[in-house]
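Below is one structure, written out as structure tokens, with a few remarks after it.
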Amino acid sequence: MEQKNIPPKNISPKYISKASLKAWLAKVKDDGRHIYAPVTENGKTNFKRVKSVDEISMAHIQTAQSAKGAVFPRTEKLFSYARQQGDVALQDYNPGDIPDTVVFGLHPCDAAAFKALSGIFNWGAQDKPFSERMQRVTLVGVSCSRSDVFCFCTSVGGHPGSAEGSDILLTAIGDDGYLVEIITDRGQALVEKSADLFEAAAGISKEEHLASAPARFSVEEVQRKMAGSFESDIWKKQSARCIGCGACAFVCPACACFDIQENAKGNGTGDRIRCWDSCGFSLFTLHTSGHNPRSVQSQRWRQRLLHKLCYMPDRLSVRGCTGCGRCSRACPVDMNLAEHLKEFERL
Ligand code: SF4
Ligand code: SF4
């Protein structure tokens, strides 16, 4: 069972200087943990396993890809098989291969998305590879001090300084250091690795150091109107220019569509692989019979939004959108999710 978000008792916020933060992360890494953090290469910032904490860059507003690959890799081997004397031998997924990992520098919208992913991967049956990774990951979030026109976390229940999903939340206080909120026992265990690097933070308030992100719509009203709009023309109007490229799903921290593929090696051996997919692709719902229940893009757009804003809240008590804005930044035809959601409010 997952043991995330267990609040430690009476832990006061702390302060850490930028120099001490580097020393702490270096210690965490030297202790054998993998560290995934934002790294800027060729003008793009993305989460990557770092060899040195000097590679970490926090100058971005939002990374191009989310941090979800730490628990839901783009491709992963589920098991291997080999034909042996008329039978098939399976080599199961080995949880021992998963390293203890710290994801550093994810913003609150990405940390909150781990809760959405947990809802999906634990619905009905527990997904073993996902759960094993969740057991071994510690999320060190960083509050947002800047936002852009694509951000809308406050419209879907989030906040630039929300601790939801993080084990530790840092907030930059000026240029020299961070306020440190320890949210879970797992976060506390990581701080205790180098407790001497953390100082008392009496009297420091984070509010004035957070990005401004006014709410743009009432998500409750959007959900209410959307739930009653299955037959509306709004889906066709909104998706008329969608080319079904799937970019929105691949950058989304809360999208969890996947495909299962065989990687047959031709000599009776092979691997079964899981890889990211998108409900925006026509092939995703194509039946073996040739029938496709979502044969046009408007039906696939409807499914994407209803799943995130209606089906997930109903069934999993969590939204499938945290307002990170990546889908709008990545869309090659300028679809803007916040604008599209606002249109439901006006129906
Ligand atoms: S749907 Fe778009 S805005 Fe919402 S979490 Fe996914 S990428 Fe971010
Ligand atoms: S990124 Fe834009 S064009 Fe591509 S599938 Fe998503 S909404 Fe459609």
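By convention in this document, the chains of the structure tokens carry letters A, B, ... by their order, each chain's residues are numbered from 1, and ligands are numbered from 1 in the order they are shown.
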
Expected selection as an NGL selection string for ligand 2 within 8 Å, only C-alpha atoms and all ligand atoms: :A and (239 or 241-249 or 280-281 or 301 or 327-328 or 330-336)

Those of stretch 132-288 of chain A in DSSP strand (DSSP E), formatted as a PyMOL selection string: chain A and resi 137-142+168-173+177-182+199-200+258-264+269-276

Site check for ligand 1: residues at most 6 Å away, only C-alpha atoms and all ligand atoms, as a count of residues only: 12

DSSP on the backbone, alpha helix (DSSP H) only: what residues of stretch 13-205 of chain A does that give? Format it as a PDB file with C-alpha atoms, in the first residue's frame.
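Contents of the output file part.pdb:
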ATOM      1  CA  LYS A  18      21.012  28.013  -1.889  1.00  0.00           C
ATOM      2  CA  ALA A  19      24.520  26.789  -1.061  1.00  0.00           C
ATOM      3  CA  SER A  20      23.192  24.425   1.616  1.00  0.00           C
ATOM      4  CA  LEU A  21      20.469  23.189  -0.752  1.00  0.00           C
ATOM      5  CA  LYS A  22      23.147  22.087  -3.203  1.00  0.00           C
ATOM      6  CA  ALA A  23      25.089  20.389  -0.406  1.00  0.00           C
ATOM      7  CA  TRP A  24      21.928  18.590   0.764  1.00  0.00           C
ATOM      8  CA  LEU A  25      21.032  17.345  -2.731  1.00  0.00           C
ATOM      9  CA  ALA A  26      24.631  16.232  -3.289  1.00  0.00           C
ATOM     10  CA  LYS A  27      24.442  14.219  -0.047  1.00  0.00           C
ATOM     11  CA  VAL A  28      21.111  12.699  -1.067  1.00  0.00           C
ATOM     12  CA  LYS A  29      22.670  11.679  -4.376  1.00  0.00           C
ATOM     13  CA  ASP A  30      25.868  10.360  -2.820  1.00  0.00           C
ATOM     14  CA  PRO A 108       2.739  22.239  -7.291  1.00  0.00           C
ATOM     15  CA  CYS A 109       0.666  21.435 -10.404  1.00  0.00           C
ATOM     16  CA  ASP A 110       2.994  18.524 -11.195  1.00  0.00           C
ATOM     17  CA  ALA A 111       3.118  17.275  -7.612  1.00  0.00           C
ATOM     18  CA  ALA A 112      -0.687  17.324  -7.444  1.00  0.00           C
ATOM     19  CA  ALA A 113      -0.802  15.290 -10.673  1.00  0.00           C
ATOM     20  CA  PHE A 114       0.874  12.359  -8.889  1.00  0.00           C
ATOM     21  CA  LYS A 115      -2.360  12.077  -6.891  1.00  0.00           C
ATOM     22  CA  ALA A 116      -4.359  11.942 -10.119  1.00  0.00           C
ATOM     23  CA  LEU A 117      -2.054   9.232 -11.496  1.00  0.00           C
ATOM     24  CA  SER A 118      -2.363   7.274  -8.223  1.00  0.00           C
ATOM     25  CA  GLY A 119      -6.137   7.399  -8.560  1.00  0.00           C
ATOM     26  CA  ILE A 120      -5.982   5.928 -12.056  1.00  0.00           C
ATOM     27  CA  PHE A 121      -3.350   3.275 -11.358  1.00  0.00           C
ATOM     28  CA  LYS A 128       2.320  -3.059  -9.469  1.00  0.00           C
ATOM     29  CA  PRO A 129       5.014  -1.213 -11.459  1.00  0.00           C
ATOM     30  CA  PHE A 130       3.433   2.167 -10.742  1.00  0.00           C
ATOM     31  CA  SER A 131       2.932   1.430  -7.042  1.00  0.00           C
ATOM     32  CA  GLU A 132       6.465   0.110  -6.615  1.00  0.00           C
ATOM     33  CA  ARG A 133       7.823   3.326  -8.114  1.00  0.00           C
ATOM     34  CA  MET A 134       5.566   5.459  -5.926  1.00  0.00           C
ATOM     35  CA  GLN A 135       6.933   3.616  -2.882  1.00  0.00           C
ATOM     36  CA  ASP A 185       7.363  11.424   6.988  1.00  0.00           C
ATOM     37  CA  ARG A 186       9.188  10.584   3.789  1.00  0.00           C
ATOM     38  CA  GLY A 187      10.145  14.234   3.416  1.00  0.00           C
ATOM     39  CA  GLN A 188      11.233  14.391   7.037  1.00  0.00           C
ATOM     40  CA  ALA A 189      13.490  11.356   6.543  1.00  0.00           C
ATOM     41  CA  LEU A 190      15.210  13.132   3.648  1.00  0.00           C
ATOM     42  CA  VAL A 191      15.755  16.328   5.662  1.00  0.00           C
TER      43      VAL A 191
END

Best match for closeness to A:Val296 among A:Thr269, A:Gln91, A:Ser147, A:Ser282, counting only C-alpha atoms: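 Among the listed residues, the smallest separation from A:Val296 belongs to A:Ser282.
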
May I have the residues within 10 Å of A:Thr45 as a PDB file with N, CA and C atoms, in the first residue's frame, using only C-alpha atoms and disregarding those fewer than 2 positions away in the same chain?
ATOM      1  N   ALA A  37      15.633  16.098 -11.958  1.00  0.00           N
ATOM      2  CA  ALA A  37      15.455  17.526 -11.720  1.00  0.00           C
ATOM      3  C   ALA A  37      15.437  18.253 -13.056  1.00  0.00           C
ATOM      4  N   PRO A  38      14.954  19.503 -13.064  1.00  0.00           N
ATOM      5  CA  PRO A  38      14.938  20.258 -14.320  1.00  0.00           C
ATOM      6  C   PRO A  38      16.360  20.578 -14.790  1.00  0.00           C
ATOM      7  N   VAL A  39      16.612  20.265 -16.063  1.00  0.00           N
ATOM      8  CA  VAL A  39      17.909  20.553 -16.685  1.00  0.00           C
ATOM      9  C   VAL A  39      17.629  21.257 -18.007  1.00  0.00           C
ATOM     10  N   THR A  40      18.332  22.356 -18.270  1.00  0.00           N
ATOM     11  CA  THR A  40      18.123  23.092 -19.524  1.00  0.00           C
ATOM     12  C   THR A  40      19.170  22.675 -20.547  1.00  0.00           C
ATOM     13  N   GLU A  41      18.682  22.194 -21.690  1.00  0.00           N
ATOM     14  CA  GLU A  41      19.568  21.809 -22.797  1.00  0.00           C
ATOM     15  C   GLU A  41      18.951  22.311 -24.083  1.00  0.00           C
ATOM     16  N   ASN A  42      19.774  22.937 -24.907  1.00  0.00           N
ATOM     17  CA  ASN A  42      19.315  23.465 -26.205  1.00  0.00           C
ATOM     18  C   ASN A  42      18.049  24.313 -26.059  1.00  0.00           C
ATOM     19  N   GLY A  43      18.012  25.106 -25.018  1.00  0.00           N
ATOM     20  CA  GLY A  43      16.899  26.039 -24.833  1.00  0.00           C
ATOM     21  C   GLY A  43      15.646  25.432 -24.237  1.00  0.00           C
ATOM     22  N   PHE A  47      12.782  17.403 -17.088  1.00  0.00           N
ATOM     23  CA  PHE A  47      13.269  16.560 -15.986  1.00  0.00           C
ATOM     24  C   PHE A  47      14.200  15.486 -16.537  1.00  0.00           C
ATOM     25  N   LYS A  48      15.310  15.307 -15.830  1.00  0.00           N
ATOM     26  CA  LYS A  48      16.334  14.397 -16.298  1.00  0.00           C
ATOM     27  C   LYS A  48      17.069  13.869 -15.072  1.00  0.00           C
ATOM     28  N   ILE A  56      21.293  21.286 -12.349  1.00  0.00           N
ATOM     29  CA  ILE A  56      19.891  21.659 -12.103  1.00  0.00           C
ATOM     30  C   ILE A  56      19.675  23.127 -12.439  1.00  0.00           C
ATOM     31  N   SER A  57      18.591  23.391 -13.169  1.00  0.00           N
ATOM     32  CA  SER A  57      18.240  24.757 -13.547  1.00  0.00           C
ATOM     33  C   SER A  57      16.819  25.047 -13.073  1.00  0.00           C
ATOM     34  N   MET A  58      16.633  26.187 -12.397  1.00  0.00           N
ATOM     35  CA  MET A  58      15.284  26.534 -11.938  1.00  0.00           C
ATOM     36  C   MET A  58      14.832  27.876 -12.526  1.00  0.00           C
ATOM     37  N   ALA A  59      15.339  28.223 -13.733  1.00  0.00           N
ATOM     38  CA  ALA A  59      15.026  29.526 -14.318  1.00  0.00           C
ATOM     39  C   ALA A  59      13.716  29.517 -15.114  1.00  0.00           C
ATOM     40  N   HIS A  60      13.117  28.341 -15.287  1.00  0.00           N
ATOM     41  CA  HIS A  60      11.938  28.210 -16.152  1.00  0.00           C
ATOM     42  C   HIS A  60      10.649  28.542 -15.394  1.00  0.00           C
ATOM     43  N   ILE A  61       9.598  28.792 -16.146  1.00  0.00           N
ATOM     44  CA  ILE A  61       8.258  28.844 -15.544  1.00  0.00           C
ATOM     45  C   ILE A  61       7.697  27.428 -15.478  1.00  0.00           C
ATOM     46  N   GLN A  62       7.849  26.686 -16.566  1.00  0.00           N
ATOM     47  CA  GLN A  62       7.341  25.312 -16.602  1.00  0.00           C
ATOM     48  C   GLN A  62       8.242  24.472 -17.505  1.00  0.00           C
ATOM     49  N   THR A  63       8.557  23.254 -17.103  1.00  0.00           N
ATOM     50  CA  THR A  63       9.313  22.347 -17.957  1.00  0.00           C
ATOM     51  C   THR A  63       8.436  21.917 -19.140  1.00  0.00           C
ATOM     52  N   ALA A  64       9.074  21.552 -20.265  1.00  0.00           N
ATOM     53  CA  ALA A  64       8.290  21.132 -21.432  1.00  0.00           C
ATOM     54  C   ALA A  64       7.531  19.842 -21.133  1.00  0.00           C
ATOM     55  N   GLN A  65       8.225  18.857 -20.575  1.00  0.00           N
ATOM     56  CA  GLN A  65       7.585  17.607 -20.156  1.00  0.00           C
ATOM     57  C   GLN A  65       7.353  17.664 -18.647  1.00  0.00           C
TER      58      GLN A  65
END

Closest of A:Ala338, A:Leu179, A:Ser52, A:Arg74 to A:Cys257 - atom-to-atom distances counting only C-alpha atoms: A:Arg74
